[in-house]
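Read the structure below first, then the notes.
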Amino acid sequence: MDPREEAIERLVPHRGGMLWLDCVLQVDAEDVVAEATVRDDHLLLEDGGEAVPAWVGIEYMAQAIAAWAGGRALARDEPVKPGFLLGTRRYDAHWDRLPVGTRLRIEAHCELMGDNGLGLFACRILVGDAVVATASVSVFEPPDPDAYLGTVSA
């Protein structure tokens with residue numbers, strides 16, 4: 001699949017102000033590369049609306065992983081399902097904040113994806129050639145998200 005032909009909304013379940021990615025540049029069996037611009041209407045703006053705190057990088061990483069999972073699902077002719085960010089280890093931010101207008105490159109590499117839906121990804125965020133943040137991100141993609149959440153479809 002050429003992800004440039006796919007609208008980002010086809011790859012991730014996020015919508016509106018919760019969708020932070022602009023595009024996916026690459027998605028394959030083990031890797032995803034996405035881009036996002038820190039917008040002036042971001043939900044977590046600080047510093048008088050000039051930046052978001054660097055810890056929001058975790059969510060940018062999680063959305064890139066969601067795009068990876070969505071790309072895999074579409075390649076199998078399956079629907080894109082929601083997944084869950086379980087946590088992160090060794091989140092290391094080299095910047096304190098991400099200023100509005102900053103173009104981020106988010107990379108995630110699948111290190112482990114179990115049949116039970118548990119996954120581990122090595123992630124990093126770059127601005128140009130500068131590494132802004134790195135982390136190991138744990139995720140969970142249940143086979144049936146509605147059953148997992150205890151919701152019932154009408």
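Chain labels run A, B, ... following the order of the structure tokens; each chain numbers its residues from 1, and ligands are numbered from 1 in the order shown.
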Next on the checklist: I want to know what sits within 12 Å of stretch 16-18 of chain A, based on only C-alpha atoms, with residues of the same chain fewer than 6 positions away left out; could you give that as a PyMOL selection string?
Outcome noted: chain A and resi 8-9+38-44+56+59-60+62-63
Residue subset to file, keeping N, CA and C atoms, as a JSON list (two decimals), in the first residue's frame:
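Produced file again.json, reproduced below:
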```json
[["chain", "number", "residue", "atom", "x", "y", "z"],
["A", 8, "ILE", "N", -5.37, 10.05, 6.00],
["A", 8, "ILE", "CA", -4.98, 9.69, 7.36],
["A", 8, "ILE", "C", -6.18, 9.15, 8.15],
["A", 9, "GLU", "N", -7.37, 9.64, 7.83],
["A", 9, "GLU", "CA", -8.57, 9.19, 8.53],
["A", 9, "GLU", "C", -8.90, 7.72, 8.26],
["A", 38, "VAL", "N", 2.71, 20.89, 14.80],
["A", 38, "VAL", "CA", 2.07, 21.36, 16.04],
["A", 38, "VAL", "C", 1.20, 22.55, 15.66],
["A", 39, "ARG", "N", -0.10, 22.39, 15.83],
["A", 39, "ARG", "CA", -1.07, 23.39, 15.38],
["A", 39, "ARG", "C", -1.42, 24.41, 16.47],
["A", 40, "ASP", "N", -1.85, 25.57, 16.03],
["A", 40, "ASP", "CA", -2.20, 26.63, 16.97],
["A", 40, "ASP", "C", -3.55, 26.40, 17.66],
["A", 41, "ASP", "N", -4.25, 25.32, 17.28],
["A", 41, "ASP", "CA", -5.50, 24.96, 17.97],
["A", 41, "ASP", "C", -5.34, 23.65, 18.76],
["A", 42, "HIS", "N", -4.11, 23.26, 19.02],
["A", 42, "HIS", "CA", -3.83, 22.02, 19.75],
["A", 42, "HIS", "C", -4.51, 22.07, 21.12],
["A", 43, "LEU", "N", -5.07, 20.95, 21.53],
["A", 43, "LEU", "CA", -5.80, 20.88, 22.79],
["A", 43, "LEU", "C", -4.93, 21.13, 24.02],
["A", 44, "LEU", "N", -3.64, 20.91, 23.93],
["A", 44, "LEU", "CA", -2.77, 21.00, 25.10],
["A", 44, "LEU", "C", -1.78, 22.16, 25.04],
["A", 56, "VAL", "N", 3.77, 15.44, 25.34],
["A", 56, "VAL", "CA", 2.72, 15.04, 24.40],
["A", 56, "VAL", "C", 3.30, 14.21, 23.25],
["A", 59, "GLU", "N", 1.82, 10.78, 22.78],
["A", 59, "GLU", "CA", 0.60, 10.62, 21.99],
["A", 59, "GLU", "C", 0.90, 10.68, 20.49],
["A", 60, "TYR", "N", 1.82, 11.52, 20.08],
["A", 60, "TYR", "CA", 2.22, 11.52, 18.66],
["A", 60, "TYR", "C", 2.76, 10.14, 18.28],
["A", 62, "ALA", "N", 2.03, 7.27, 19.76],
["A", 62, "ALA", "CA", 0.91, 6.32, 19.79],
["A", 62, "ALA", "C", 0.07, 6.44, 18.52],
["A", 63, "GLN", "N", -0.14, 7.66, 18.03],
["A", 63, "GLN", "CA", -0.92, 7.81, 16.80],
["A", 63, "GLN", "C", -0.17, 7.27, 15.59]]
```
Please provide the set of residues having any atom within 7 Å of stretch 97-109 of chain A, restricted to only C-alpha atoms, with same-chain residues fewer than 4 positions apart removed, written as an mmCIF file with N, CA and C atoms, in the first residue's frame.
```
data_model
loop_
_atom_site.group_PDB
_atom_site.id
_atom_site.type_symbol
_atom_site.label_atom_id
_atom_site.label_comp_id
_atom_site.auth_asym_id
_atom_site.auth_seq_id
_atom_site.Cartn_x
_atom_site.Cartn_y
_atom_site.Cartn_z
ATOM 1 N N GLU A 30 7.079 -3.647 9.604
ATOM 2 C CA GLU A 30 7.712 -3.362 10.891
ATOM 3 C C GLU A 30 7.805 -1.884 11.240
ATOM 4 N N ASP A 31 7.635 -0.993 10.274
ATOM 5 C CA ASP A 31 7.904 0.418 10.515
ATOM 6 C C ASP A 31 6.796 1.332 10.003
ATOM 7 N N VAL A 32 6.741 2.492 10.637
ATOM 8 C CA VAL A 32 5.860 3.560 10.171
ATOM 9 C C VAL A 32 6.597 4.879 10.361
ATOM 10 N N VAL A 33 6.388 5.769 9.409
ATOM 11 C CA VAL A 33 6.919 7.129 9.488
ATOM 12 C C VAL A 33 5.751 8.064 9.202
ATOM 13 N N ALA A 34 5.498 8.974 10.129
ATOM 14 C CA ALA A 34 4.399 9.924 9.986
ATOM 15 C C ALA A 34 4.917 11.338 10.193
ATOM 16 N N GLU A 35 4.122 12.301 9.757
ATOM 17 C CA GLU A 35 4.453 13.700 9.988
ATOM 18 C C GLU A 35 3.274 14.412 10.626
ATOM 19 N N ALA A 36 3.613 15.410 11.428
ATOM 20 C CA ALA A 36 2.595 16.237 12.075
ATOM 21 C C ALA A 36 3.175 17.619 12.302
ATOM 22 N N THR A 37 2.334 18.610 12.218
ATOM 23 C CA THR A 37 2.713 19.974 12.557
ATOM 24 C C THR A 37 1.988 20.349 13.835
ATOM 25 N N VAL A 38 2.706 20.893 14.800
ATOM 26 C CA VAL A 38 2.073 21.360 16.036
ATOM 27 C C VAL A 38 1.198 22.547 15.660
ATOM 28 N N ARG A 39 -0.105 22.392 15.835
ATOM 29 C CA ARG A 39 -1.071 23.393 15.381
ATOM 30 C C ARG A 39 -1.416 24.411 16.475
ATOM 31 N N ASP A 40 -1.852 25.566 16.026
ATOM 32 C CA ASP A 40 -2.202 26.633 16.966
ATOM 33 C C ASP A 40 -3.545 26.398 17.658
ATOM 34 N N GLU A 50 1.730 29.217 22.693
ATOM 35 C CA GLU A 50 2.895 29.168 21.812
ATOM 36 C C GLU A 50 3.493 27.782 21.623
ATOM 37 N N ALA A 51 3.169 26.831 22.517
ATOM 38 C CA ALA A 51 3.813 25.516 22.437
ATOM 39 C C ALA A 51 3.001 24.489 23.216
ATOM 40 N N VAL A 52 3.325 23.222 22.966
ATOM 41 C CA VAL A 52 2.789 22.131 23.782
ATOM 42 C C VAL A 52 3.957 21.538 24.570
ATOM 43 N N PRO A 53 3.678 20.962 25.737
ATOM 44 C CA PRO A 53 4.768 20.346 26.499
ATOM 45 C C PRO A 53 5.322 19.137 25.752
ATOM 46 N N ALA A 54 6.590 18.867 25.924
ATOM 47 C CA ALA A 54 7.248 17.783 25.187
ATOM 48 C C ALA A 54 6.662 16.407 25.497
ATOM 49 N N MET A 61 3.569 9.553 19.146
ATOM 50 C CA MET A 61 4.100 8.213 18.897
ATOM 51 C C MET A 61 2.971 7.188 18.831
ATOM 52 N N ALA A 64 1.146 7.382 15.576
ATOM 53 C CA ALA A 64 1.918 6.769 14.492
ATOM 54 C C ALA A 64 1.765 5.248 14.538
ATOM 55 N N ILE A 65 1.791 4.682 15.737
ATOM 56 C CA ILE A 65 1.597 3.236 15.884
ATOM 57 C C ILE A 65 0.190 2.855 15.427
ATOM 58 N N PHE A 121 7.014 -0.959 20.732
ATOM 59 C CA PHE A 121 7.574 -0.198 19.632
ATOM 60 C C PHE A 121 8.698 0.704 20.120
ATOM 61 N N ALA A 122 9.765 0.765 19.332
ATOM 62 C CA ALA A 122 10.834 1.747 19.553
ATOM 63 C C ALA A 122 10.463 2.964 18.719
ATOM 64 N N CYS A 123 10.325 4.104 19.387
ATOM 65 C CA CYS A 123 9.833 5.305 18.713
ATOM 66 C C CYS A 123 10.797 6.470 18.890
ATOM 67 N N ARG A 124 10.711 7.383 17.933
ATOM 68 C CA ARG A 124 11.441 8.635 18.086
ATOM 69 C C ARG A 124 10.731 9.715 17.294
ATOM 70 N N ILE A 125 10.952 10.954 17.740
ATOM 71 C CA ILE A 125 10.422 12.129 17.066
ATOM 72 C C ILE A 125 11.609 12.983 16.661
ATOM 73 N N LEU A 126 11.585 13.431 15.421
ATOM 74 C CA LEU A 126 12.656 14.279 14.904
ATOM 75 C C LEU A 126 12.081 15.593 14.391
ATOM 76 N N VAL A 127 12.898 16.625 14.491
ATOM 77 C CA VAL A 127 12.638 17.903 13.834
ATOM 78 C C VAL A 127 13.877 18.139 12.985
#
```
Checklist entry - Hey, what does DSSP flag as strand (DSSP E) within stretch 29-72 of chain A? Can you give it to me as a ChimeraX atom specification? => result /A:31-37,51-53
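Of all the residues in chain A, the ones DSSP labels as alpha helix (DSSP H) from the backbone are Ile8, Glu9, Arg10, Leu11, Gly57, Ile58, Glu59, Tyr60, Met61, Ala62, Gln63, Ala64, Ile65, Ala66, Ala67, Trp68, Ala69, Gly70, Gly71, Arg72, Ala73, Leu74, Ala75, Pro145, Asp146, Ala147, Tyr148 and Leu149 of chain A.
The residue that comes closest to A:Gly87, out of A:Leu45, A:Leu118, A:Leu19, A:Ala29 and on the basis of only C-alpha atoms, is A:Leu118.
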